[in-house]
>>> print(open('protein04.cif').read())   # mmCIF, C-alpha atoms
data_final
loop_
_atom_site.label_atom_id
_atom_site.label_comp_id
_atom_site.auth_asym_id
_atom_site.auth_seq_id
_atom_site.Cartn_x
_atom_site.Cartn_y
_atom_site.Cartn_z
CA MET V 147 139.59 80.63 178.72
CA ALA V 148 138.26 77.88 176.54
CA THR V 149 140.36 77.19 173.51
CA TRP V 150 138.80 76.67 170.16
CA ASN V 151 138.62 73.01 169.54
CA PRO V 152 140.14 71.75 166.30
CA PHE V 153 137.69 68.88 166.53
CA ILE V 154 134.82 71.34 166.04
CA GLU V 155 136.67 72.88 163.10
CA ASP V 156 136.83 69.42 161.60
CA LEU V 157 133.17 68.84 162.33
CA THR V 158 132.11 72.07 160.59
CA GLU V 159 134.20 71.25 157.54
CA ASN V 160 132.85 67.76 157.16
CA PHE V 161 129.33 67.73 158.53
CA PHE V 162 128.03 71.25 158.15
CA MET V 163 129.00 71.44 154.51
CA CYS V 164 126.53 71.83 151.66
CA SER V 165 127.16 69.18 149.00
CA VAL V 166 126.29 71.59 146.21
CA CYS V 167 128.58 74.56 146.97
CA LEU V 168 131.00 72.60 149.21
CA ASP V 169 130.86 75.48 151.68
CA GLN V 170 129.43 75.74 155.14
CA PHE V 171 125.60 75.82 155.08
CA ASN V 172 124.12 79.23 154.58
CA GLU V 173 120.42 79.37 155.51
CA PRO V 174 120.06 75.59 155.36
CA LYS V 175 116.79 74.30 153.90
CA GLN V 176 115.58 70.76 154.33
CA LEU V 177 114.03 68.50 151.71
CA PRO V 178 111.42 65.84 152.60
CA CYS V 179 114.24 63.24 152.51
CA LEU V 180 115.89 65.31 155.30
CA HIS V 181 118.97 66.23 153.26
CA ARG V 182 119.83 69.91 153.51
CA TYR V 183 121.22 72.50 151.13
CA CYS V 184 121.88 76.22 151.31
CA ASN V 185 118.96 78.44 150.40
CA ASP V 186 120.81 79.69 147.30
CA CYS V 187 121.95 76.23 146.22
CA LEU V 188 118.42 74.86 146.49
CA ARG V 189 117.23 77.79 144.40
CA THR V 190 119.64 76.77 141.62
CA VAL V 191 118.39 73.18 141.82
CA ILE V 192 114.78 74.39 141.57
CA GLN V 193 115.60 76.66 138.61
CA ALA V 194 117.03 73.70 136.71
CA SER V 195 113.78 71.75 137.06
CA HIS V 196 111.36 71.55 134.15
CA ASP V 197 108.57 69.45 135.62
CA GLY V 198 107.74 70.94 138.99
CA THR V 199 109.73 68.32 140.85
CA ILE V 200 113.33 68.14 141.99
CA GLU V 201 115.64 65.26 142.78
CA CYS V 202 117.69 65.37 145.98
CA PRO V 203 121.30 65.75 144.77
CA LEU V 204 122.44 63.27 147.42
CA CYS V 205 119.85 60.49 147.59
CA LYS V 206 117.95 61.17 144.34
CA GLN V 207 114.56 61.04 146.07
CA ARG V 208 112.10 63.09 144.04
CA CYS V 209 109.87 65.68 145.65
CA CYS V 210 107.42 68.27 144.38
CA ILE V 211 108.43 71.93 144.44
CA PRO V 212 105.97 73.57 146.86
CA GLU V 213 103.49 76.11 145.49
CA ASP V 214 105.42 78.96 147.05
CA GLY V 215 108.67 77.58 145.64
CA LEU V 216 111.86 77.78 147.66
CA ASP V 217 110.08 79.36 150.65
CA GLY V 218 107.93 76.28 150.93
CA PHE V 219 110.91 74.18 151.99
CA LYS V 220 111.52 74.27 155.71
CA THR V 221 114.53 76.08 157.15
CA ASP V 222 116.59 73.82 159.35
CA PHE V 223 116.54 75.90 162.53
CA HIS V 224 118.52 73.42 164.52
CA MET V 225 121.38 73.45 162.02
CA LYS V 226 121.19 77.24 161.83
CA SER V 227 121.52 77.49 165.60
CA MET V 228 124.50 75.18 165.64
CA LEU V 229 126.25 77.20 162.95
CA GLU V 230 125.51 80.42 164.78
CA PHE V 231 126.89 78.94 167.95
CA ILE V 232 130.05 77.78 166.20
CA GLU V 233 130.54 81.16 164.49
CA LEU V 234 130.22 82.86 167.85
CA ARG V 235 132.64 80.59 169.67
CA LYS V 236 135.12 80.97 166.86
CA SER V 237 134.88 84.77 167.09
CA PHE V 238 136.07 84.67 170.72
CA GLU V 239 139.48 83.60 169.55
CA LYS V 240 139.84 84.36 165.88
CA LYS V 241 139.67 88.07 165.33
CA ASP V 242 139.09 87.98 161.61
CA LEU V 243 137.17 90.49 159.53
CA LYS V 244 133.42 90.11 159.62
CA GLN V 245 130.62 92.12 158.14
CA CYS V 246 128.98 94.30 160.77
CA VAL V 247 125.22 93.82 160.48
CA SER V 248 124.61 97.50 161.11
CA CYS V 249 127.09 99.41 158.93
CA SER V 250 127.78 96.51 156.52
CA LYS V 251 131.52 97.21 156.64
CA ASP V 252 134.01 94.38 156.83
CA VAL V 253 135.67 95.06 160.16
CA VAL V 254 136.84 93.28 163.27
CA CYS V 255 133.56 92.95 165.12
CA SER V 256 133.54 93.27 168.88
CA ALA V 257 129.97 92.49 169.85
CA TYR V 258 127.08 90.19 169.06
CA CYS V 259 123.37 90.83 169.22
CA PHE V 260 121.25 87.76 169.83
CA LYS V 261 118.18 89.60 168.57
CA CYS V 262 119.76 90.59 165.24
CA ARG V 263 121.59 87.28 165.31
CA ASP V 264 124.65 88.98 163.93
CA PHE V 265 127.94 90.67 164.72
CA LEU V 266 128.43 94.38 165.39
CA CYS V 267 131.48 96.60 165.16
CA ASP V 268 132.56 98.90 168.00
CA GLU V 269 130.84 101.98 166.62
CA CYS V 270 127.54 100.27 165.91
CA TYR V 271 127.63 98.48 169.26
CA LYS V 272 127.60 101.87 170.97
CA VAL V 273 124.57 102.92 168.96
CA HIS V 274 122.90 99.59 169.56
CA ILE V 275 123.12 99.82 173.34
CA SER V 276 122.15 103.48 173.56
CA ASN V 277 119.57 104.12 170.89
CA LYS V 278 115.93 103.77 171.96
CA MET V 279 115.13 101.98 168.76
CA PHE V 280 117.00 98.96 170.03
CA THR V 281 115.65 98.91 173.59
CA ASP V 282 114.52 95.33 173.31
CA HIS V 283 117.89 94.31 171.83
CA GLN V 284 119.91 95.76 174.66
CA PRO V 285 119.77 92.84 177.09
CA SER V 286 120.75 90.57 174.20
CA THR V 287 123.68 92.62 172.91
CA LEU V 288 126.94 91.43 174.37
CA LYS V 289 130.61 92.27 173.93
CA LEU V 290 132.55 89.32 172.62
CA GLU V 291 135.32 89.87 175.17
CA ASN V 292 132.78 89.72 178.00
CA MET V 293 131.27 86.57 176.64
CA ALA V 294 134.71 85.04 176.25
CA ALA V 295 135.80 86.19 179.71
CA LYS V 296 132.71 84.75 181.35
CA ASN V 297 133.60 81.60 179.49
CA LEU V 298 129.98 80.87 178.70
CA THR V 299 129.23 77.22 178.46
CA MET V 300 127.95 75.70 175.28
CA GLU V 301 124.58 75.36 176.97
CA GLU V 302 124.39 79.04 177.84
CA ILE V 303 125.20 80.16 174.33
CA ALA V 304 122.99 77.51 172.82
CA ALA V 305 120.10 78.65 174.99
CA MET V 306 120.53 82.15 173.59
CA THR V 307 120.79 81.01 169.99
CA GLU V 308 118.16 78.34 170.03
CA ASP V 309 114.83 80.09 170.35
CA PRO V 310 112.76 79.34 167.28
CA ARG V 311 112.42 81.88 164.52
CA CYS V 312 109.42 82.78 162.42
CA HIS V 313 108.82 80.46 159.47
CA PHE V 314 107.98 83.38 157.20
CA HIS V 315 110.18 86.18 158.58
CA ILE V 316 113.47 84.56 159.32
CA LYS V 317 114.91 87.46 161.33
CA GLU V 318 111.89 87.60 163.67
CA PRO V 319 111.63 85.48 166.78
CA ALA V 320 108.65 83.16 166.79
CA LYS V 321 106.02 84.13 169.32
CA LEU V 322 103.09 82.01 168.24
CA CYS V 323 102.21 78.82 166.45
CA CYS V 324 100.05 78.95 163.37
CA GLY V 325 97.18 76.47 163.60
CA THR V 326 96.32 76.55 159.91
CA CYS V 327 99.80 75.94 158.59
CA GLN V 328 100.67 72.82 160.50
CA ASN V 329 101.77 74.56 163.67
CA GLU V 330 104.60 76.52 162.04
CA PRO V 331 106.30 78.94 164.42
CA VAL V 332 105.34 82.47 163.35
CA CYS V 333 106.04 86.01 164.51
CA LEU V 334 103.80 88.91 165.43
CA VAL V 335 104.10 90.42 161.92
CA CYS V 336 102.33 87.34 160.60
CA THR V 337 99.26 88.03 162.69
CA HIS V 338 98.90 91.35 160.86
CA VAL V 339 99.85 90.49 157.33
CA SER V 340 98.30 87.08 156.97
CA THR V 341 94.67 86.34 157.59
CA LYS V 342 95.55 82.69 157.52
CA VAL V 343 97.29 82.76 160.87
CA THR V 344 95.16 81.60 163.73
CA ILE V 345 96.62 81.64 167.16
CA SER V 346 96.72 78.36 168.90
CA MET H 109 144.84 88.63 134.97
CA SER H 110 144.65 85.49 137.02
CA THR H 111 142.79 82.64 135.37
CA SER H 112 140.89 81.98 138.58
CA ALA H 113 139.13 85.36 138.43
CA GLY H 114 135.38 84.90 138.35
CA LEU H 115 135.76 81.20 138.95
CA PRO H 116 133.03 79.82 141.25
CA ARG H 117 134.25 79.11 144.78
CA ARG H 118 133.19 75.50 144.43
CA ILE H 119 135.60 74.93 141.52
CA LEU H 120 138.42 76.57 143.49
CA LYS H 121 137.69 74.37 146.49
CA GLU H 122 137.58 71.23 144.39
CA THR H 123 140.83 72.10 142.65
CA GLN H 124 142.58 72.86 145.93
CA ARG H 125 141.45 69.57 147.41
CA LEU H 126 142.44 67.60 144.30
CA MET H 127 145.95 69.01 144.62
CA ALA H 128 146.22 68.76 148.41
CA GLU H 129 144.72 65.30 148.83
CA PRO H 130 145.08 63.50 145.52
CA VAL H 131 143.28 60.18 145.00
CA ALA H 132 145.50 57.13 144.50
CA GLY H 133 146.00 56.44 140.81
CA ILE H 134 144.35 59.68 139.70
CA SER H 135 145.84 63.06 138.96
CA ALA H 136 143.92 66.08 137.72
CA ILE H 137 145.75 69.31 137.00
CA PRO H 138 144.04 72.45 135.75
CA ALA H 139 145.37 73.95 132.52
CA GLU H 140 147.42 77.10 132.98
CA ASP H 141 145.26 79.18 130.68
CA ASN H 142 141.85 77.75 131.64
CA ALA H 143 140.93 76.77 135.19
CA ARG H 144 137.89 74.87 133.91
CA TYR H 145 140.00 72.54 131.77
CA PHE H 146 141.85 69.70 133.51
CA HIS H 147 144.58 67.40 132.30
CA VAL H 148 143.79 64.06 133.89
CA GLU H 149 145.80 60.87 134.25
CA ILE H 150 144.32 57.64 135.54
CA THR H 151 146.49 54.60 136.10
CA GLY H 152 144.97 51.26 135.10
CA PRO H 153 143.51 49.65 138.24
CA LYS H 154 145.29 46.67 139.80
CA ASP H 155 143.97 43.24 138.79
CA SER H 156 142.20 44.68 135.77
CA PRO H 157 143.17 44.18 132.11
CA PHE H 158 144.27 47.82 132.15
CA GLU H 159 146.81 47.38 134.96
CA GLY H 160 150.13 48.97 134.06
CA GLY H 161 148.59 51.45 131.63
CA ILE H 162 148.49 55.20 132.13
CA PHE H 163 145.48 56.87 130.55
CA LYS H 164 145.32 60.54 129.71
CA LEU H 165 141.91 62.17 129.77
CA GLU H 166 140.60 65.68 129.36
CA LEU H 167 137.93 67.09 131.65
CA PHE H 168 136.04 70.30 131.11
CA LEU H 169 133.68 72.01 133.55
CA PRO H 170 130.92 73.72 131.57
CA GLU H 171 129.51 77.10 132.55
CA GLU H 172 126.53 75.44 134.29
CA TYR H 173 128.72 73.19 136.46
CA PRO H 174 127.82 71.85 139.03
CA MET H 175 124.25 71.88 137.71
CA ALA H 176 125.54 70.15 134.56
CA ALA H 177 128.02 67.25 134.43
CA PRO H 178 131.68 67.78 133.51
CA LYS H 179 132.63 66.76 129.98
CA VAL H 180 135.21 63.99 130.08
CA ARG H 181 136.99 62.19 127.25
CA PHE H 182 139.84 59.70 127.01
CA VAL H 183 142.75 61.11 125.05
CA THR H 184 144.77 57.89 125.25
CA LYS H 185 143.49 55.22 122.90
CA ILE H 186 141.77 52.46 124.85
CA TYR H 187 140.04 49.17 123.99
CA HIS H 188 136.99 49.15 126.26
CA PRO H 189 133.32 48.28 125.59
CA ASN H 190 132.06 51.50 127.17
CA ILE H 191 134.55 53.87 125.55
CA ASP H 192 134.51 54.58 121.82
CA LYS H 193 137.24 55.39 119.31
CA LEU H 194 136.92 59.10 120.00
CA GLY H 195 137.42 58.52 123.72
CA ARG H 196 133.82 59.28 124.62
CA ILE H 197 132.66 57.49 127.75
CA CYS H 198 129.33 55.76 128.32
CA LEU H 199 128.71 56.40 131.99
CA ASP H 200 125.30 57.26 133.46
CA ILE H 201 126.59 59.85 135.95
CA LEU H 202 128.04 61.85 133.05
CA LYS H 203 124.58 61.93 131.44
CA ASP H 204 121.13 61.64 133.03
CA LYS H 205 122.31 60.41 136.44
CA TRP H 206 124.47 63.47 137.08
CA SER H 207 123.87 65.22 140.40
CA PRO H 208 125.37 68.49 141.65
CA ALA H 209 126.47 66.58 144.75
CA LEU H 210 128.98 64.68 142.60
CA GLN H 211 132.44 66.16 142.08
CA ILE H 212 135.44 65.93 139.77
CA ARG H 213 136.90 63.48 142.26
CA THR H 214 133.84 61.19 142.26
CA VAL H 215 133.57 61.30 138.47
CA LEU H 216 137.20 60.22 138.06
CA LEU H 217 136.76 57.49 140.66
CA SER H 218 133.77 56.20 138.69
CA ILE H 219 135.84 56.16 135.51
CA GLN H 220 138.59 54.29 137.33
CA ALA H 221 135.94 51.80 138.48
CA LEU H 222 134.69 51.47 134.90
CA LEU H 223 138.18 50.29 133.95
CA SER H 224 138.00 47.65 136.69
CA ALA H 225 134.56 46.52 135.64
CA PRO H 226 133.84 46.93 131.90
CA ASN H 227 130.14 46.54 131.18
CA PRO H 228 129.66 44.91 127.73
CA ASP H 229 125.88 44.74 128.27
CA ASP H 230 125.59 48.51 127.94
CA PRO H 231 128.09 49.14 125.17
CA LEU H 232 129.22 52.26 123.41
CA ALA H 233 131.76 50.50 121.20
CA ASN H 234 129.59 47.66 119.86
CA ASP H 235 132.41 45.70 118.23
CA VAL H 236 134.45 45.77 121.44
CA ALA H 237 131.45 44.70 123.52
CA GLU H 238 130.74 41.82 121.12
CA GLN H 239 134.35 40.64 121.32
CA TRP H 240 134.24 41.00 125.11
CA LYS H 241 131.17 38.77 125.35
CA VAL H 242 132.24 36.17 122.79
CA ASN H 243 135.86 35.79 123.83
CA GLU H 244 136.93 37.76 126.84
CA LEU H 245 140.49 36.47 126.73
CA ALA H 246 140.93 37.66 123.15
CA ALA H 247 139.44 41.00 124.14
CA ILE H 248 141.89 41.37 126.99
CA ASN H 249 144.71 40.53 124.61
CA LYS H 250 143.49 43.31 122.37
CA VAL H 251 143.54 45.67 125.35
CA LEU H 252 147.21 44.89 125.87
CA THR H 253 147.99 45.29 122.16
CA VAL H 254 146.41 48.72 122.14
CA LEU H 255 148.38 49.54 125.28
CA ASP H 256 151.55 48.44 123.46
CA MET H 257 152.27 46.04 126.28
CA ILE H 258 152.60 42.89 124.15
#
>>> encode(input="protein04.cif", output="structure tokens")
Amino acid sequence: MATWNPFIEDLTENFFMCSVCLDQFNEPKQLPCLHRYCNDCLRTVIQASHDGTIECPLCKQRCCIPEDGLDGFKTDFHMKSMLEFIELRKSFEKKDLKQCVSCSKDVVCSAYCFKCRDFLCDECYKVHISNKMFTDHQPSTLKLENMAAKNLTMEEIAAMTEDPRCHFHIKEPAKLCCGTCQNEPVCLVCTHVSTKVTIS
Amino acid sequence: MSTSAGLPRRILKETQRLMAEPVAGISAIPAEDNARYFHVEITGPKDSPFEGGIFKLELFLPEEYPMAAPKVRFVTKIYHPNIDKLGRICLDILKDKWSPALQIRTVLLSIQALLSAPNPDDPLANDVAEQWKVNELAAINKVLTVLDMI
């Protein structure tokens, strides 16, 4: 079995850290200067602005706050995938308490659903793989011990974590590109709720 | 009740790191009764007029920190063009150039650097700056007198 690499631990601490909260990125958003901050940290920066612009805390480059505010800044999907991948690999070896996405309890999670993009506890895993509601999640819901035993390569896990997500509905996988909003990846919900979306 | 209750995670992380990996010539220790108040000591940088001195400062993290700069003041009397009689410091990152990406550590490093490179062209203590520009040697002598080193 692969052992968790302290080098990666070091990498997460030093490179995947938000300079505002000094914690690992949570929903990283990117500014036009390409520096990233957690969604919540960027919100605080925006709230402190009085003139519709913000200054990047790291490089001081000014940029306008988009019309739709925080949502207008792009989510860094690549960074999100990397963090998800790291979280997952860590969970193979470190059995610490995690919040189960289904019952919201802090428990030792035993499974991961690549559709929900989150961890599941034993109880909720059983529901997840049997309930009809989650039919389309079932091929993507895996036991951590199986994943660890199969010793999935980084590429295999990355392939599962890397599909793009909808720009507007972060939990939804992107199925289409929106022609009117600069080819943003969007999900099926967008085709119903927004008249702006044209399929290209 | 622990004083760290309700303290933002960022302040805890900074404090832990300050204790675990202290910066050479700088010590910052949180007060026992207030985790936002730090007792700071900076040693005068080598090859500067302040070499050999130990300067006490106080640092306070306001409620809005890190969106607002920490409040820092010299407690030890110092003869420096950018520091006034009350210990207030003229340093851009403590005012309009503050950024939430800066930390206690970086602020104290900047203050240490200000001791190495006094800037009499942007003075806070006008009389000191004047002396510094007119007769630097005399000014440095004054530094040592204030430090009780001559």
>>> residues_around(input="protein04.cif", residues="segment 247-255 of chain V", least_positions_apart="5", cutoff="9 Å", atoms="all atoms listed in the file", output="PyMOL selection string")
chain V and resi 237+241-242+262-271+274+290
>>> closest_atom_pairs(input="protein04.cif", of="chain V", to="chain H", cutoff="7 Å", atoms="only C-alpha atoms", output="Markdown table")
| residue | atom | partner | partner_atom | distance |
| --- | --- | --- | --- | --- |
| V:Ser165 | CA | H:Ala209 | CA | 5.0 |
| V:Val166 | CA | H:Ala209 | CA | 5.2 |
| V:Cys167 | CA | H:Arg118 | CA | 5.3 |
| V:Leu168 | CA | H:Arg118 | CA | 6.0 |
| V:Pro203 | CA | H:Ser207 | CA | 5.1 |
| V:Leu204 | CA | H:Ala209 | CA | 5.9 |
>>> residues_around(input="protein04.cif", residues="Thr151 of chain H", least_positions_apart="4", cutoff="12 Å", atoms="all atoms listed in the file", output="MDAnalysis selection string")
chainID H and resid 131:136 155:165 184 216:217 219:221 223:224
>>> atom_distance(input="protein04.cif", atom1="atom CA of Ile201 of chain H", atom2="atom CA of Pro178 of chain H")
9.7 Å
>>> atom_distance(input="protein04.cif", atom1="atom CA of His315 of chain V", atom2="atom CA of Thr281 of chain V")
20.4 Å
>>> closest_residue(input="protein04.cif", among="V:Ala295, V:Ile275, V:Cys179, V:Ile192", to="Lys206 of chain V", atoms="only C-alpha atoms")
V:Cys179
>>> decode(input="protein04.cif", residues="segment 153-244 of chain H", atoms="C-alpha atoms", output="CSV table (one decimal), in the first residue's frame")
chain,number,residue,atom,x,y,z
H,153,PRO,CA,20.1,44.8,14.2
H,154,LYS,CA,23.7,44.2,13.6
H,155,ASP,CA,25.7,47.0,12.0
H,156,SER,CA,23.0,49.5,12.8
H,157,PRO,CA,23.2,52.3,15.3
H,158,PHE,CA,20.8,50.3,17.4
H,159,GLU,CA,23.0,47.2,17.7
H,160,GLY,CA,23.3,46.0,21.2
H,161,GLY,CA,19.9,47.5,22.3
H,162,ILE,CA,16.9,45.5,23.2
H,163,PHE,CA,13.6,47.2,22.4
H,164,LYS,CA,10.3,46.4,24.0
H,165,LEU,CA,7.2,47.0,22.0
H,166,GLU,CA,3.5,46.3,22.4
H,167,LEU,CA,1.4,44.9,19.7
H,168,PHE,CA,-2.4,44.7,19.6
H,169,LEU,CA,-4.6,42.8,17.1
H,170,PRO,CA,-7.8,44.8,16.7
H,171,GLU,CA,-11.2,43.1,16.3
H,172,GLU,CA,-11.0,43.5,12.5
H,173,TYR,CA,-7.6,41.9,12.2
H,174,PRO,CA,-6.4,40.7,9.6
H,175,MET,CA,-8.6,43.1,7.6
H,176,ALA,CA,-7.1,46.0,9.7
H,177,ALA,CA,-3.4,46.4,10.7
H,178,PRO,CA,-2.1,45.5,14.1
H,179,LYS,CA,-1.4,48.4,16.4
H,180,VAL,CA,2.2,48.5,17.4
H,181,ARG,CA,4.1,50.9,19.6
H,182,PHE,CA,7.6,51.1,21.0
H,183,VAL,CA,7.6,51.0,24.8
H,184,THR,CA,11.4,51.4,25.1
H,185,LYS,CA,12.5,55.0,24.5
H,186,ILE,CA,14.2,55.2,21.1
H,187,TYR,CA,15.9,58.0,19.1
H,188,HIS,CA,14.8,57.3,15.6
H,189,PRO,CA,13.4,59.7,12.8
H,190,ASN,CA,10.4,57.5,12.2
H,191,ILE,CA,9.4,56.8,15.8
H,192,ASP,CA,8.1,59.6,18.0
H,193,LYS,CA,8.4,60.2,21.8
H,194,LEU,CA,5.3,58.2,22.4
H,195,GLY,CA,6.7,55.2,20.6
H,196,ARG,CA,4.4,55.5,17.6
H,197,ILE,CA,5.9,54.2,14.4
H,198,CYS,CA,5.7,55.8,10.9
H,199,LEU,CA,5.5,52.7,8.7
H,200,ASP,CA,3.3,52.5,5.6
H,201,ILE,CA,2.3,48.9,6.1
H,202,LEU,CA,0.8,49.8,9.5
H,203,LYS,CA,-1.3,52.4,7.8
H,204,ASP,CA,-2.6,52.6,4.2
H,205,LYS,CA,-0.3,49.9,2.8
H,206,TRP,CA,-1.6,47.2,5.2
H,207,SER,CA,-2.7,44.0,3.5
H,208,PRO,CA,-4.4,41.0,5.1
H,209,ALA,CA,-1.7,38.8,3.6
H,210,LEU,CA,0.8,40.4,6.0
H,211,GLN,CA,1.3,38.9,9.5
H,212,ILE,CA,2.6,39.7,12.9
H,213,ARG,CA,5.9,38.2,11.8
H,214,THR,CA,6.2,40.3,8.7
H,215,VAL,CA,5.2,43.5,10.6
H,216,LEU,CA,7.9,42.9,13.2
H,217,LEU,CA,10.5,42.1,10.5
H,218,SER,CA,9.6,45.4,8.8
H,219,ILE,CA,10.1,47.2,12.1
H,220,GLN,CA,13.4,45.5,12.6
H,221,ALA,CA,14.3,46.6,9.0
H,222,LEU,CA,13.3,50.2,9.9
H,223,LEU,CA,15.9,50.1,12.7
H,224,SER,CA,18.5,49.1,10.1
H,225,ALA,CA,17.5,51.8,7.7
H,226,PRO,CA,16.0,54.9,9.3
H,227,ASN,CA,14.3,57.1,6.8
H,228,PRO,CA,14.7,60.8,7.7
H,229,ASP,CA,13.0,61.9,4.5
H,230,ASP,CA,9.7,60.7,5.8
H,231,PRO,CA,9.9,61.7,9.4
H,232,LEU,CA,7.6,61.3,12.3
H,233,ALA,CA,9.9,62.9,14.8
H,234,ASN,CA,10.9,66.1,12.9
H,235,ASP,CA,13.7,67.1,15.3
H,236,VAL,CA,15.3,63.7,15.1
H,237,ALA,CA,15.0,63.6,11.3
H,238,GLU,CA,16.6,67.1,11.0
H,239,GLN,CA,19.5,66.1,13.3
H,240,TRP,CA,19.9,62.9,11.2
H,241,LYS,CA,20.2,64.8,8.0
H,242,VAL,CA,22.4,67.6,9.3
H,243,ASN,CA,24.8,65.5,11.3
H,244,GLU,CA,24.3,61.8,11.2
